[in-house]
Every structure is written in C-alpha cells, then in structure tokens.
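Comments concern the structure below.
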Amino acid sequence: MPFLGQDWRSPGQSWVKTADGWTRFLDEKSGGYVGDISSFCKKEDHNKENLFNSLNYDVAAKKRKKDLLNNKAKIQYFHQEKWIYVHKGSTKERHGYCTLGEAFNRLDFSSAILDSRRFNYVVRLLELIAKSQLTSLSGIAQKNYMNILEKVVQKVLEDQQNIRLIRELLQTLYTSLCTLVQRVGKSVLVGNINMWVHRMETILHWQQQLNNIQITRPAFKGTTFTDLPLCLQLNIMQRLSDGRDLVSLGQVAPDLQVLSEDRLLWKKLCQYHFTDRQIRKRLILSDKGQLDWKKMYFKLIRCYPRKEQYGDTLQLCRHCHILSWKGTDHPCTANNPETCSTSLSPQDFINLFRF
C-alpha cells in the first residue's frame, strides 16, 4: 500500500487511484494537492471515472454480500452444532459450500449414538455413506467417520445389542474399501494407502470381536418371556419389524418356534413393509394352497427396500432450511413452526447434499 510508514489517516488527506498508481492529495481546505499537480489535473476526468466505477463496484459488492447472507450462504453452524443451515441455492452456488462432509462433521453424531432412539438412524446413515458416499467426504470427515464407527462398535461390544446390524455395516464398509483401495491411483480416497490398509485391518479386528461375543443368560429367576400368556407373547412378536428377529426368536424354544410360524404374524409384517401392489407381484402359495407369507416376506426384501423405522430422526424446516434433531429448538420465523418441519430418512439426508 502507498501509505506504509506514513500517517495516511491525518485529516484532510485521501488517496486516489490513477493510471500511474495511487496518489495522495489534500482537499481544497488543506491548501492543495501533494504530488504532481499538473499530472493529476490532466487525468482528472479519468480519475473521476475510476472513482465512479469504484463506487459502483462497492455497491455491487455490498449487494452480493447481502444476497449471500440472505439466501446463498454456505453452511452456517449455531448453538454448538445442534442445528445447521442448509443452503438451497443452485448447484454452482452450493458447490464447495454445503457438502455432506461439512454437515457430517458439524452434526454431533458421536453423542447421537449414545441415544437409543437415534442409534439405528446413525448406523443406517453410516451404511449408506459406506456404500456410495465415502469418496465424497473430505479427509477430516473420513477420519471423523472412522472415529464414530469405533464408538459404535465399542457400544455394541459393551451392551451386546444390535450385533447383526453392526456386522452388516462393517461388512458393507470393508467391501467398499476393498474396491476403492484398488483404485487409489485414481485419487478416489484421501490419504496414504497404508493408512487405509490399517483401517481395513481394524475393521477385520472389529468383526472378529463381534463374532467372539458370547451372550450369557442373565441370572434372573423372575418371570421370563416364555412364562407370559401366548396372546402376550404373540403381541410382543408382532412389534418386531425385522423378520430375521422372528426367526432368531423362534430358535430359542420349541413353543416360540410354533408362534414364529404364525401366518398372521408374517402377513402383518409384509403389509407393514410393502405395498399391496408389490405383494401382488410376489405371491407364493404353500403346499396347502394358501399364501406363504413367510417366504413372500424374504422374497420381497430381496426385491424392494423395507420400511425404515426410527425412534428419532433429523428434521428439516422448510421455512428457514434449518436441519436439526427432533426436539431441538431453532429460531424459526414461521407463524406455525410445527407445520414446517419434515422428517428426513438417512437417504433423504444424503440427498440434500447431492449436486
């Protein structure tokens, strides 16, 4: 800058950009100009044009800044990452600002896995990222992904619950990494290949730990599940949303095996997950000429996605485009904020950042 080492803030002085560079001059009250006066006078018209263009540029810059803050800002984070602003501009304007990696880093998924209502949601999101979105994450986001996954595995090892769910997640991630590591030369993964090989070895170690889990029968001599009346047992089994859980429950005791084969139980399960049109396309008759709902269920899950059910989900406010967990308040300016919120499935969350 031309004023380095000089008191450019003294009263009555200002700088004007000329064709030869920046020139300092005094206003009329200060007694004239400093520098080449004749040269400055000859270029007065040119300087006025520069000043006019400079003013126009400042006005345009302020307008762009205002628009950026109003509608086209990149992700903004508030209230300790409890909610984030999701940009809804065009593809070009969103690029580099509102990404899945940024949202994944800022939303507190590490704490969410400790909440039993959000655990399945986070695990499903991790699985979808492992299938197709791993390469879209930045290096920091990929590291955060592995840290969250480690906490998930440790929680399962301690609680001895959701073992099959995490096994499937680890297998999906390992399969994806095996494919991606072979293409490291094409820069599909961020980081050194040795680091990713180490991560794959860690995944194998986690899988081995899950396979070695021995679930012990609790030392409880009170009323057990099999002691309940059959109607209550059947009512509880109807609340299971995964057919594999029914099959596993039927292997516990002979009486439960009979209940797990109940046709009405499997019929309700099919009707819960699939539409009537999907069911009609996959009809299977048993030897007795009746619909075999159990076989139909396992055939349907191979053809269509099951209905996702979560205790808690992320929600998007359509009015102010705020993304947050249910029950987390944000400063919504709508008259009826409750009517503006839309629950997002894990796939919907990923779709928000596709461009």
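So you can find residues: chains in the structure tokens are A, B, ... in the order shown, residues in each start at 1, and ligands are numbered from 1 in order.
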
Report as a ChimeraX atom specification all protein, DNA and RNA residues lying within 12 Å of Leu291 of chain A, evaluated on only C-alpha atoms, omitting residues in the same chain fewer than 4 positions from it.
/A:263-264,266-267,270,279-280,282-287,295-297

With N, CA, C and O atoms retained, export the selected residues as a PDB file, in the first residue's frame.
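Just written: selection18.pdb:
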```
ATOM      1  N   ARG A 263     -49.032 -67.470  10.518  1.00  0.00           N
ATOM      2  CA  ARG A 263     -49.253 -66.845   9.215  1.00  0.00           C
ATOM      3  C   ARG A 263     -49.680 -65.388   9.356  1.00  0.00           C
ATOM      4  O   ARG A 263     -49.250 -64.521   8.589  1.00  0.00           O
ATOM      5  N   LEU A 264     -50.515 -65.104  10.333  1.00  0.00           N
ATOM      6  CA  LEU A 264     -50.986 -63.735  10.535  1.00  0.00           C
ATOM      7  C   LEU A 264     -49.830 -62.811  10.909  1.00  0.00           C
ATOM      8  O   LEU A 264     -49.803 -61.639  10.507  1.00  0.00           O
ATOM      9  N   TRP A 266     -46.651 -63.043   9.913  1.00  0.00           N
ATOM     10  CA  TRP A 266     -45.875 -62.730   8.713  1.00  0.00           C
ATOM     11  C   TRP A 266     -46.689 -61.896   7.721  1.00  0.00           C
ATOM     12  O   TRP A 266     -46.132 -61.079   6.985  1.00  0.00           O
ATOM     13  N   LYS A 267     -48.000 -62.079   7.726  1.00  0.00           N
ATOM     14  CA  LYS A 267     -48.843 -61.277   6.845  1.00  0.00           C
ATOM     15  C   LYS A 267     -48.790 -59.794   7.245  1.00  0.00           C
ATOM     16  O   LYS A 267     -48.630 -58.911   6.398  1.00  0.00           O
ATOM     17  N   CYS A 270     -45.469 -58.299   6.217  1.00  0.00           N
ATOM     18  CA  CYS A 270     -45.417 -57.964   4.785  1.00  0.00           C
ATOM     19  C   CYS A 270     -46.207 -56.692   4.492  1.00  0.00           C
ATOM     20  O   CYS A 270     -45.755 -55.826   3.733  1.00  0.00           O
ATOM     21  N   ILE A 279     -46.816 -56.682  -3.116  1.00  0.00           N
ATOM     22  CA  ILE A 279     -47.159 -58.014  -2.606  1.00  0.00           C
ATOM     23  C   ILE A 279     -47.807 -58.857  -3.706  1.00  0.00           C
ATOM     24  O   ILE A 279     -47.509 -60.055  -3.852  1.00  0.00           O
ATOM     25  N   ARG A 280     -48.671 -58.243  -4.494  1.00  0.00           N
ATOM     26  CA  ARG A 280     -49.346 -58.999  -5.569  1.00  0.00           C
ATOM     27  C   ARG A 280     -48.368 -59.507  -6.618  1.00  0.00           C
ATOM     28  O   ARG A 280     -48.630 -60.523  -7.275  1.00  0.00           O
ATOM     29  N   ARG A 282     -45.458 -60.708  -5.978  1.00  0.00           N
ATOM     30  CA  ARG A 282     -44.585 -61.739  -5.409  1.00  0.00           C
ATOM     31  C   ARG A 282     -45.392 -62.762  -4.610  1.00  0.00           C
ATOM     32  O   ARG A 282     -45.018 -63.140  -3.509  1.00  0.00           O
ATOM     33  N   LEU A 283     -46.498 -63.187  -5.141  1.00  0.00           N
ATOM     34  CA  LEU A 283     -47.332 -64.158  -4.447  1.00  0.00           C
ATOM     35  C   LEU A 283     -46.701 -65.545  -4.503  1.00  0.00           C
ATOM     36  O   LEU A 283     -46.217 -65.990  -5.549  1.00  0.00           O
ATOM     37  N   ILE A 284     -46.717 -66.233  -3.356  1.00  0.00           N
ATOM     38  CA  ILE A 284     -46.190 -67.604  -3.264  1.00  0.00           C
ATOM     39  C   ILE A 284     -47.212 -68.454  -2.513  1.00  0.00           C
ATOM     40  O   ILE A 284     -47.656 -68.091  -1.422  1.00  0.00           O
ATOM     41  N   LEU A 285     -47.575 -69.584  -3.105  1.00  0.00           N
ATOM     42  CA  LEU A 285     -48.553 -70.491  -2.493  1.00  0.00           C
ATOM     43  C   LEU A 285     -47.839 -71.650  -1.809  1.00  0.00           C
ATOM     44  O   LEU A 285     -46.821 -72.157  -2.309  1.00  0.00           O
ATOM     45  N   SER A 286     -48.366 -72.031  -0.666  1.00  0.00           N
ATOM     46  CA  SER A 286     -47.820 -73.184   0.047  1.00  0.00           C
ATOM     47  C   SER A 286     -48.391 -74.472  -0.542  1.00  0.00           C
ATOM     48  O   SER A 286     -49.204 -74.455  -1.472  1.00  0.00           O
ATOM     49  N   ASP A 287     -47.971 -75.616   0.015  1.00  0.00           N
ATOM     50  CA  ASP A 287     -48.467 -76.901  -0.469  1.00  0.00           C
ATOM     51  C   ASP A 287     -49.959 -77.064  -0.210  1.00  0.00           C
ATOM     52  O   ASP A 287     -50.653 -77.817  -0.913  1.00  0.00           O
ATOM     53  N   LYS A 295     -42.332 -66.933   3.258  1.00  0.00           N
ATOM     54  CA  LYS A 295     -41.489 -66.974   2.062  1.00  0.00           C
ATOM     55  C   LYS A 295     -41.665 -65.705   1.228  1.00  0.00           C
ATOM     56  O   LYS A 295     -40.698 -65.207   0.621  1.00  0.00           O
ATOM     57  N   MET A 296     -42.890 -65.193   1.207  1.00  0.00           N
ATOM     58  CA  MET A 296     -43.132 -63.958   0.458  1.00  0.00           C
ATOM     59  C   MET A 296     -42.345 -62.789   1.059  1.00  0.00           C
ATOM     60  O   MET A 296     -41.808 -61.949   0.332  1.00  0.00           O
ATOM     61  N   TYR A 297     -42.253 -62.765   2.376  1.00  0.00           N
ATOM     62  CA  TYR A 297     -41.518 -61.677   3.034  1.00  0.00           C
ATOM     63  C   TYR A 297     -40.053 -61.678   2.610  1.00  0.00           C
ATOM     64  O   TYR A 297     -39.495 -60.636   2.225  1.00  0.00           O
TER      65      TYR A 297
END
```

For segment 206-208 of chain A, work out the shell of residues within 8 Å, counting only C-alpha atoms and skipping chain neighbours fewer than 3 positions away, then give it as JSON, numbers by chain.
{"A": [153, 167, 170, 202, 203, 211, 212]}

Keeping only C-alpha atoms, take the residues you just selected and write them out as a PDB file, in the first residue's frame.
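part_13.pdb was written with the following content:
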```pdb
ATOM      1  CA  VAL A 153     -18.515 -50.843  17.792  1.00  0.00           C
ATOM      2  CA  ARG A 167     -21.814 -56.795  11.414  1.00  0.00           C
ATOM      3  CA  LEU A 170     -18.701 -53.427   8.858  1.00  0.00           C
ATOM      4  CA  THR A 202      -9.011 -52.526  12.144  1.00  0.00           C
ATOM      5  CA  ILE A 203     -12.376 -53.377  10.585  1.00  0.00           C
ATOM      6  CA  ASN A 211     -18.004 -62.856  16.265  1.00  0.00           C
ATOM      7  CA  ASN A 212     -16.456 -63.774  19.624  1.00  0.00           C
TER       8      ASN A 212
END
```

Minimum-distance residue to Thr175 of chain A, chosen among A:Lys131, A:His198, A:Arg354, A:Arg318 (using only C-alpha atoms):
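The shortest atom-to-atom distance to Thr175 of chain A comes from A:Lys131.
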
Which residues are close to His273 of chain A, i.e. within 10 Å by only C-alpha atoms, leaving aside same-chain residues fewer than 6 positions away? Reply as a ChimeraX atom specification.
/A:241-242,279,297,300-301,304-309

Pull N, CA and C atoms from the residues just selected and write them as a CSV table (one decimal), in the first residue's frame.
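The file below, part05.csv, is the result:
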```csv
chain,number,residue,atom,x,y,z
A,241,SER,N,-40.0,-55.6,13.8
A,241,SER,CA,-40.1,-55.1,12.4
A,241,SER,C,-39.2,-55.8,11.4
A,242,ASP,N,-38.4,-56.8,12.0
A,242,ASP,CA,-37.4,-57.5,11.1
A,242,ASP,C,-37.7,-59.0,11.2
A,279,ILE,N,-46.8,-56.7,-3.1
A,279,ILE,CA,-47.2,-58.0,-2.6
A,279,ILE,C,-47.8,-58.9,-3.7
A,297,TYR,N,-42.3,-62.8,2.4
A,297,TYR,CA,-41.5,-61.7,3.0
A,297,TYR,C,-40.1,-61.7,2.6
A,300,LEU,N,-39.7,-60.6,-0.9
A,300,LEU,CA,-39.9,-59.2,-1.1
A,300,LEU,C,-38.7,-58.3,-0.6
A,301,ILE,N,-38.1,-58.7,0.4
A,301,ILE,CA,-36.9,-57.9,0.9
A,301,ILE,C,-35.8,-58.0,0.0
A,304,TYR,N,-37.4,-55.3,-2.9
A,304,TYR,CA,-37.8,-53.9,-2.5
A,304,TYR,C,-37.2,-53.5,-1.2
A,305,PRO,N,-37.0,-52.3,-1.0
A,305,PRO,CA,-36.5,-51.8,0.3
A,305,PRO,C,-37.6,-51.9,1.4
A,306,ARG,N,-37.2,-52.2,2.6
A,306,ARG,CA,-38.1,-52.3,3.7
A,306,ARG,C,-38.4,-50.9,4.2
A,307,LYS,N,-39.5,-50.8,4.9
A,307,LYS,CA,-39.9,-49.5,5.5
A,307,LYS,C,-39.0,-49.2,6.7
A,308,GLU,N,-38.4,-48.0,6.7
A,308,GLU,CA,-37.5,-47.7,7.7
A,308,GLU,C,-38.2,-47.1,8.9
A,309,GLN,N,-37.8,-47.5,10.1
A,309,GLN,CA,-38.5,-47.0,11.3
A,309,GLN,C,-37.4,-46.6,12.3
```

As a PyMOL selection string, please: all residues of segment 153-263 of chain A that backbone DSSP puts in helix (DSSP H, G or I).
chain A and resi 153-159+163-181+184-186+193-211+225-227+230-237+243-250+254-260+263

If we count only C-alpha atoms and set the cut-off at 9 Å, which residues sit around segment 139-147 of chain A, ignoring sequence neighbours fewer than 3 positions away in its own chain? Please answer as a ChimeraX atom specification.
/A:100-102,104-105,110,126,134-135,150-152,189-191,199

Filtered DSSP result for segment 254-323 of chain A, state strand (DSSP E or B), as a PyMOL selection string
chain A and resi 285+291+314-317+322-323

Hey, which of A:Gln154, A:Gln290, A:Gln278, A:Thr99 ends up closest to Arg302 of chain A? Count only C-alpha atoms.
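Between A:Gln154, A:Gln290, A:Gln278, A:Thr99, the residue approaching Arg302 of chain A most closely is A:Gln278.
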